[in-house]
Structure formats: C-alpha cells, structure tokens
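Structure first, commentary second.
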Amino acid sequence: MHSAAILTNLKGQIGQIAGKISRSERITPDEGIWLYEHAETAELGILASQVKKKLSSDKVFFNRNFHIEPTNICIHNCLFCSYRRRVNHAEAWEFSLEDISELAASHAGENITEVHIVGGVHPSRDLNYYCSLILTVKEELPKVQIKAYTAVEIDYMAHKAGLSINEGLQKLKEAGLDSIPGGGAEIFDEEIRSKIAPDKTSSVKWLEIHESAHNLGIPTNATMLYGHIENYTHRIDHLNRLRELQDKTRGFNCFIPLKYHRTGNTLSPNPETTKIEDLRNYAVSRIFLDNIPHLKAYWPMIGKEMAELSLSFGVDDLDGTIQDSTKIYSMAGSKEQNPAIQASELVELIQRNGLVAVERDSLYKTLKIYKRDHTF
Ligand code: V47
Ligand code: SF4
C-alpha cells in the first residue's frame, strides 16, 4: 500500500496526528510526547517523511566543508564533554593564527564552500582573536562561508570585550561571520541543564543570542543533546522553545539532534540510546519542528550507515565532507574515528535511496543538483 493510503487508514491518536500532518497543521507538545511514547517506528518514519517531502521534496543536501577546532581548552565543566582539557594538559591544544593560516591553506584546491569553526571557551582568547581567526581563514580561502562559534563562545567573547551580544555579533559579522552553528543548546530544561552543564550559558541566554543573530540577518542552526538523563518531556520542551523562537524570527536553517556518546566522560551510567531510538528521535523532531526547514543527520556522530537510514525518518541534510577535521565525537567514542567522506560517496548514498542529491552552500543555496549519470 502507498504511504499516503496507510496514513488515511490510521485510527485513534495516531490517526488524528496523521490527519493533522496531511493538513499541514501543527502538533501539540502533548502529541509530541505521545509520538515518542506510543507511535510505531514505521508510522513515525512515514509521518516524518511526509513532513520532509512537503519541505524539501525528494532532495537531500550536503556540502563540502571542514572544521577548525582552535582549542580544546575550556573554562566550562560540561559533564558530557570528552574533549575539554585544562591548560598545560598533555592533550590540550591551542592554535595560533599562523597555525590557522597553514591549516586553511592546506585545504586550498578542495572546492570547500564552508569552514565550521568551534572549540572550547579558552580563558585567554578574546573577540579580537576570534575576528582575526575569521579574517585569516578568508585570506587563505576567500570564497568560503564561515559558520562559526557557538552561542556559548559568543557569550564569553562579547562579555569579555565589555560589549552587548548585539555589538559582539556585529563585530563578528563585520569580520566575515556568515552563520552560527547550533552547538551549546544541550537541553533547555533548567533542572537537567544544571546537572549536565552546570556553569554554561543559560537556556534563556542561548535563545537570546540566536534571536539577536537572526535579527542581525545572521542565520543559525540549533541542536539538542539527547540520550543522557533527560526524558521525552524535556526533549519536547526543548523542541517547543525552538519552534516558538522560529515563529518569531525564521532565522534557524537547520536542526541537528546530537546523540549523547559516553566514552571519555562521566555523565550517564546508562547505555547509549539504541539505533531505533535515534531514528524515532529524528522522526519526532521532523514532525514537531514544522517551521525549521532542514533536519541534519551529522554522520561523524552517528556513522554513515545510520545517516543513510535516517533518510527514511525525515532527514534531508547529511552535513559535509569534513576532511577528518573534527575530534569532538571521535574523543567521545564515535565509530567514525577519522571522519572524512568524498562528495561522490555522499551522492551515491543519497541516490541509491531514490533521492536527489543536492550540493548546497553553507546557507542552503543550491550549488548543484546531481543527475544520476553524473561522473566525478
Ligand atoms: O554543544 C559534546 C555536543 C556540540 C558530546 O550547526 C556531544 O551544523 C554527544 O553543535 N556526546 C558541538 N554530543 C557540536 C555541534 C554541531 C555539530 C555538527 C554540526 C553542527 C551545525 C553543530 O557537541 C556541543 C555538545 O552538544 N557534544 N560532547 C558527547 N559526548
Ligand atoms: Fe567546554 Fe564545549 Fe566541552 Fe562544555 S562541551 S566543556 S563548553 S568544550
């Protein structure tokens, strides 16, 4: 039976939710929790795919990017973090601007369109350094777009410079910041947040920083760290706060669920979430966040096979080629210890699922639609 026919035959609560989705009506937080708790996984896949289809038809996006992680030294104490090191620790690193320049230059000729910059909150770095870092990358790679600094890093650098968030963001924008990644959101529920990230930028502040960015015309992403000590009510509360802000600003491009990885940290004694739970979480996120255009499966975190499966659960974006440039997830135990993928492999992965591979820039402008007979 065709999936549209399956939907019209659903009865009871799931039937009501399916009806809302086919009429493009919004589901309530209670319905979101119900989906997490009671929906069949196959039903979630069908419903999320329907929402995805309305937003991006058969397209799946990817880009050519690499990360710069300028330091893993950090003033914060997030319990889920396997990456942070104290100053002078043998495994700590901090890049000078010369290091950044060399690193950027080493990627010349790779047709990179986005550089994603994120790291620890280093106690002696300041706004000038972070602006110079952007300028240094753009000097070596003038055509790239810069997606840089989580709200947590921006909070610190603006405060240290004695500037408002708005003023700090303006300086970063002048230096060449094109968009802001979604990190630092973790879980907005204040009680859970105080347990997993006790001294970090508050949820209210995180949302305020993203709102200010949107008002300045800087698009941003949003994440949710799940699978530790939160429950479904906390997840829906998180999604709901994002949905409310998006109603106001329309500035979020993409939502990225981040599965908690437990290696190298002490946050949760529980086993990691199952693969089925991860797929269900993508689906509920897609269904609930009806106003955020894209849902990303960040393959360095969940692995290529899971990223492929997620395409049947509402995902329409696979992030990028990465070029073995990030350590956040390998240090937390991800199976992708040296994440790198060719554009051709991403295209093949998308196409073998009957979907259309679209290469995008950092802000989701279409750069190329890959025909099935394309040769690399
Ligand atoms: O905020 C840290 C997460 C985030 C762990 O915007 C962990 O395109 C799971 O936000 N287990 C930073 N998660 C990375 C991030 C991101 C990644 C990819 C794409 C984009 C985007 C943004 O990483 C942190 C935190 O939530 N994180 N440690 C861990 N053990
Ligand atoms: Fe620092 Fe980020 Fe790690 Fe928290 S998650 S300790 S802010 S590097």
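Residue numbering restarts at 1 for every chain of the structure tokens, chains are lettered A, B, ... in their displayed order, and ligands are numbered from 1 as they appear.
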Excluding Leu79 in chain A and any residue of its chain fewer than 4 positions from it, enumerate the residues within 9 Å of it, using only C-alpha atoms, and give them as a list of chain:residue names.
A:Lys195, A:Ile196, A:Ala197, A:Pro198, A:Asn265, A:Thr266, A:Leu267, A:Ser268
Selection to disk with N, CA, C and O atoms, as an mmCIF file, in the first residue's frame:
```cif
data_model
loop_
_atom_site.group_PDB
_atom_site.id
_atom_site.type_symbol
_atom_site.label_atom_id
_atom_site.label_comp_id
_atom_site.auth_asym_id
_atom_site.auth_seq_id
_atom_site.Cartn_x
_atom_site.Cartn_y
_atom_site.Cartn_z
ATOM 1 N N LYS A 195 22.397 20.020 35.758
ATOM 2 C CA LYS A 195 23.114 18.774 36.090
ATOM 3 C C LYS A 195 24.152 18.406 35.043
ATOM 4 O O LYS A 195 25.184 17.828 35.364
ATOM 5 N N ILE A 196 23.881 18.718 33.780
ATOM 6 C CA ILE A 196 24.813 18.245 32.735
ATOM 7 C C ILE A 196 25.801 19.319 32.289
ATOM 8 O O ILE A 196 26.858 19.011 31.758
ATOM 9 N N ALA A 197 25.432 20.581 32.480
ATOM 10 C CA ALA A 197 26.304 21.688 32.032
ATOM 11 C C ALA A 197 26.160 22.829 33.039
ATOM 12 O O ALA A 197 25.616 23.883 32.731
ATOM 13 N N PRO A 198 26.651 22.589 34.274
ATOM 14 C CA PRO A 198 26.284 23.453 35.396
ATOM 15 C C PRO A 198 26.664 24.926 35.239
ATOM 16 O O PRO A 198 25.944 25.784 35.719
ATOM 17 N N ASN A 265 33.749 10.329 29.317
ATOM 18 C CA ASN A 265 33.099 11.282 30.230
ATOM 19 C C ASN A 265 32.252 10.509 31.228
ATOM 20 O O ASN A 265 32.059 9.301 31.073
ATOM 21 N N THR A 266 31.738 11.226 32.219
ATOM 22 C CA THR A 266 31.099 10.511 33.330
ATOM 23 C C THR A 266 29.629 10.866 33.502
ATOM 24 O O THR A 266 29.044 10.587 34.542
ATOM 25 N N LEU A 267 29.041 11.489 32.486
ATOM 26 C CA LEU A 267 27.680 11.991 32.700
ATOM 27 C C LEU A 267 26.668 10.914 33.054
ATOM 28 O O LEU A 267 25.968 11.001 34.051
ATOM 29 N N SER A 268 26.541 9.907 32.202
ATOM 30 C CA SER A 268 25.420 8.996 32.398
ATOM 31 C C SER A 268 25.893 7.559 32.555
ATOM 32 O O SER A 268 26.708 7.085 31.773
#
```
Ligand 2 neighbours within 6 Å using only C-alpha atoms and all ligand atoms, as an NGL selection string:
:A and (74 or 76-78 or 81 or 83-84 or 119-121)
Could you give me the residues within 8 Å of ligand 1, counting only C-alpha atoms and all ligand atoms, as a PyMOL selection string?
chain A and resi 80-83+116+118+147+150+180-186+220-226+254-256+258-265+296+298+301+319+328-329+331-333
Non-local contacts of Leu216 in chain A (12 Å; only C-alpha atoms; under 3 positions in same chain excluded) as number ranges by chain
A: 165-174, 177-180, 209-213, 219-220, 249, 251
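Take the candidates A:Tyr156, A:Trp93, A:Phe61, A:Phe313 and check each one against Thr366 in chain A using only C-alpha atoms; the shortest distance goes to A:Phe61.
Contact shell of Ser325 in chain A at 9 Å (only C-alpha atoms; same-chain neighbours under 6 positions omitted): Phe66, His67, Ile68, Glu69, Asn338, Pro339 and Ala340 of chain A.
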Could you please take those selected residues and save all heavy atoms as a CSV table (one decimal), in the first residue's frame?
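Output file again_16.csv follows:
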```csv
chain,number,residue,atom,x,y,z
A,66,PHE,N,35.1,21.7,6.0
A,66,PHE,CA,36.0,21.1,7.0
A,66,PHE,C,35.8,21.9,8.3
A,66,PHE,O,35.2,23.0,8.2
A,66,PHE,CB,37.4,21.0,6.5
A,66,PHE,CG,38.2,22.3,6.4
A,66,PHE,CD1,38.9,22.8,7.5
A,66,PHE,CD2,38.1,23.0,5.3
A,66,PHE,CE1,39.6,24.0,7.4
A,66,PHE,CE2,38.8,24.3,5.1
A,66,PHE,CZ,39.5,24.7,6.2
A,67,HIS,N,36.3,21.4,9.4
A,67,HIS,CA,36.1,22.1,10.7
A,67,HIS,C,37.5,22.6,11.1
A,67,HIS,O,38.5,22.0,10.8
A,67,HIS,CB,35.7,21.1,11.8
A,67,HIS,CG,34.3,20.7,11.7
A,67,HIS,ND1,33.4,20.6,12.7
A,67,HIS,CD2,33.5,20.3,10.6
A,67,HIS,CE1,32.2,20.2,12.3
A,67,HIS,NE2,32.3,20.0,11.0
A,68,ILE,N,37.4,23.7,11.9
A,68,ILE,CA,38.6,24.1,12.6
A,68,ILE,C,38.2,24.2,14.1
A,68,ILE,O,37.2,24.8,14.4
A,68,ILE,CB,39.1,25.5,12.2
A,68,ILE,CG1,39.6,25.5,10.7
A,68,ILE,CG2,40.2,26.0,13.1
A,68,ILE,CD1,40.0,26.9,10.2
A,69,GLU,N,39.0,23.4,14.9
A,69,GLU,CA,38.7,23.4,16.3
A,69,GLU,C,39.9,24.1,17.0
A,69,GLU,O,40.9,23.5,17.2
A,69,GLU,CB,38.5,22.0,16.8
A,69,GLU,CG,37.2,21.4,16.2
A,69,GLU,CD,36.9,19.9,16.4
A,69,GLU,OE1,37.8,19.2,16.9
A,69,GLU,OE2,35.8,19.5,16.1
A,338,ASN,N,38.1,8.8,12.2
A,338,ASN,CA,38.7,9.8,11.3
A,338,ASN,C,37.8,10.3,10.2
A,338,ASN,O,37.9,9.9,9.0
A,338,ASN,CB,40.0,9.2,10.6
A,338,ASN,CG,41.0,8.9,11.7
A,338,ASN,OD1,41.1,7.7,12.2
A,338,ASN,ND2,41.8,9.8,12.1
A,339,PRO,N,36.7,11.0,10.6
A,339,PRO,CA,35.6,11.2,9.7
A,339,PRO,C,36.0,12.0,8.4
A,339,PRO,O,36.5,13.1,8.5
A,339,PRO,CB,34.6,12.0,10.5
A,339,PRO,CG,35.4,12.6,11.6
A,339,PRO,CD,36.5,11.7,11.9
A,340,ALA,N,35.8,11.4,7.3
A,340,ALA,CA,36.0,12.0,6.0
A,340,ALA,C,35.3,11.3,5.0
A,340,ALA,O,35.2,10.0,5.1
A,340,ALA,CB,37.5,12.0,5.6
```
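Our summary of the geometry notes that CA of Val60 in chain A is positioned 27.5 Å from CA of Gly176 in chain A.
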Extract, using only C-alpha atoms, all DNA, RNA and protein residues at most 9 Å from His234 in chain A, discarding same-chain residues fewer than 2 positions from it, and format them as a PyMOL selection string.
chain A and resi 187-189+192+230-232+236-239
Those same residues, written as a short mmCIF file (atom, residue, chain, number, x, y, z; two decimals), in the first residue's frame with all heavy atoms?
```
data_model
loop_
_atom_site.label_atom_id
_atom_site.label_comp_id
_atom_site.auth_asym_id
_atom_site.auth_seq_id
_atom_site.Cartn_x
_atom_site.Cartn_y
_atom_site.Cartn_z
N ILE A 187 20.28 20.72 26.52
CA ILE A 187 18.84 20.55 26.81
C ILE A 187 18.42 21.80 27.56
O ILE A 187 19.09 22.21 28.51
CB ILE A 187 18.63 19.27 27.66
CG1 ILE A 187 18.55 18.03 26.76
CG2 ILE A 187 17.43 19.36 28.56
CD1 ILE A 187 17.21 17.78 26.08
N PHE A 188 17.34 22.42 27.12
CA PHE A 188 16.96 23.71 27.70
C PHE A 188 16.37 23.59 29.11
O PHE A 188 16.43 24.54 29.88
CB PHE A 188 15.96 24.43 26.80
CG PHE A 188 16.55 24.90 25.49
CD1 PHE A 188 15.79 24.89 24.32
CD2 PHE A 188 17.86 25.37 25.41
CE1 PHE A 188 16.32 25.33 23.11
CE2 PHE A 188 18.40 25.81 24.21
CZ PHE A 188 17.63 25.79 23.06
N ASP A 189 15.75 22.47 29.43
CA ASP A 189 15.14 22.34 30.76
C ASP A 189 16.18 22.71 31.82
O ASP A 189 17.26 22.10 31.89
CB ASP A 189 14.66 20.91 30.98
CG ASP A 189 14.10 20.73 32.38
OD1 ASP A 189 12.91 21.02 32.58
OD2 ASP A 189 14.89 20.34 33.29
N ILE A 192 17.65 19.88 34.26
CA ILE A 192 18.58 18.94 33.59
C ILE A 192 19.85 19.67 33.19
O ILE A 192 20.97 19.18 33.38
CB ILE A 192 17.92 18.29 32.35
CG1 ILE A 192 16.65 17.52 32.72
CG2 ILE A 192 18.91 17.38 31.62
CD1 ILE A 192 16.88 16.30 33.57
N GLU A 230 17.86 12.99 30.34
CA GLU A 230 16.59 13.69 30.08
C GLU A 230 15.49 12.68 29.79
O GLU A 230 15.77 11.52 29.52
CB GLU A 230 16.78 14.68 28.91
CG GLU A 230 16.52 14.13 27.51
CD GLU A 230 17.50 13.06 27.05
OE1 GLU A 230 18.48 12.77 27.76
OE2 GLU A 230 17.26 12.46 25.98
N ASN A 231 14.24 13.16 29.81
CA ASN A 231 13.14 12.29 29.37
C ASN A 231 12.42 12.95 28.18
O ASN A 231 12.83 14.02 27.73
CB ASN A 231 12.19 11.95 30.52
CG ASN A 231 11.52 13.20 31.09
OD1 ASN A 231 11.29 14.17 30.37
ND2 ASN A 231 11.24 13.20 32.39
N TYR A 232 11.36 12.29 27.71
CA TYR A 232 10.69 12.81 26.50
C TYR A 232 10.07 14.20 26.73
O TYR A 232 10.02 15.02 25.83
CB TYR A 232 9.62 11.83 26.03
CG TYR A 232 10.18 10.53 25.50
CD1 TYR A 232 9.56 9.31 25.77
CD2 TYR A 232 11.33 10.53 24.72
CE1 TYR A 232 10.07 8.12 25.28
CE2 TYR A 232 11.86 9.34 24.23
CZ TYR A 232 11.22 8.14 24.51
OH TYR A 232 11.74 6.97 24.03
N ILE A 236 10.67 17.42 24.31
CA ILE A 236 9.62 18.20 23.64
C ILE A 236 9.67 19.66 24.11
O ILE A 236 9.46 20.58 23.32
CB ILE A 236 8.23 17.55 23.88
CG1 ILE A 236 8.12 16.25 23.07
CG2 ILE A 236 7.10 18.51 23.54
CD1 ILE A 236 8.06 16.42 21.54
N ASP A 237 9.97 19.87 25.39
CA ASP A 237 10.12 21.26 25.87
C ASP A 237 11.21 21.97 25.06
O ASP A 237 11.06 23.13 24.65
CB ASP A 237 10.47 21.23 27.36
CG ASP A 237 10.95 22.59 27.85
OD1 ASP A 237 10.14 23.52 27.87
OD2 ASP A 237 12.16 22.72 28.18
N HIS A 238 12.31 21.26 24.81
CA HIS A 238 13.42 21.83 24.04
C HIS A 238 12.96 22.19 22.61
O HIS A 238 13.16 23.31 22.14
CB HIS A 238 14.55 20.79 23.99
CG HIS A 238 15.83 21.29 23.42
ND1 HIS A 238 16.85 21.76 24.19
CD2 HIS A 238 16.27 21.39 22.13
CE1 HIS A 238 17.87 22.13 23.43
NE2 HIS A 238 17.54 21.91 22.16
N LEU A 239 12.31 21.23 21.97
CA LEU A 239 11.84 21.46 20.60
C LEU A 239 10.83 22.60 20.56
O LEU A 239 10.80 23.42 19.64
CB LEU A 239 11.22 20.19 20.02
CG LEU A 239 12.13 18.95 19.92
CD1 LEU A 239 11.37 17.77 19.32
CD2 LEU A 239 13.36 19.24 19.06
#
```
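CA of His228 in chain A sits 12.5 Å away from CA of Asp278 in chain A.
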Just list as a PyMOL selection string whatever in range 34-279 of chain A DSSP marks as helix (DSSP H, G or I).
chain A and resi 34-38+41-56+97-106+127-140+151-160+165-175+190-196+203-215+232-249+275-279
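Take the candidates A:Val356, A:Leu242, A:Leu141, A:Ile33 and check each one against His107 in chain A using only C-alpha atoms; the shortest distance goes to A:Leu141.
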If you run DSSP on the backbone here, which positions in range 6-82 of chain A get strand (DSSP E or B)? Please write them as a PyMOL selection string.
chain A and resi 59-63+65-68+71+73
Pick out the closest residue to Lys327 in chain A from this set: A:His374, A:Asn72, A:Thr233, A:Tyr36. Count only C-alpha atoms.
A:Asn72
Please identify all polymer residues within 10 Å of Tyr370 in chain A, counting only C-alpha atoms, omitting same-chain residues fewer than 5 positions from it, and present them as a ChimeraX atom specification.
/A:344,347-348,351,356-359,375
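Nearest-residue note for Ala39 in chain A: choosing from A:Asp324, A:Asp290, A:Glu191, A:Glu277, the minimum distance belongs to A:Glu277, counting only C-alpha atoms.
For the atom pair formed by CA of Ser124 in chain A and CA of Ala161 in chain A, the distance is 11.8 Å, given to one decimal.
Among A:Glu140, A:Glu98, A:Asp126, A:Glu272, the residue with the shortest atom-to-atom distance to Gly227 in chain A, counting only C-alpha atoms, is A:Glu272.
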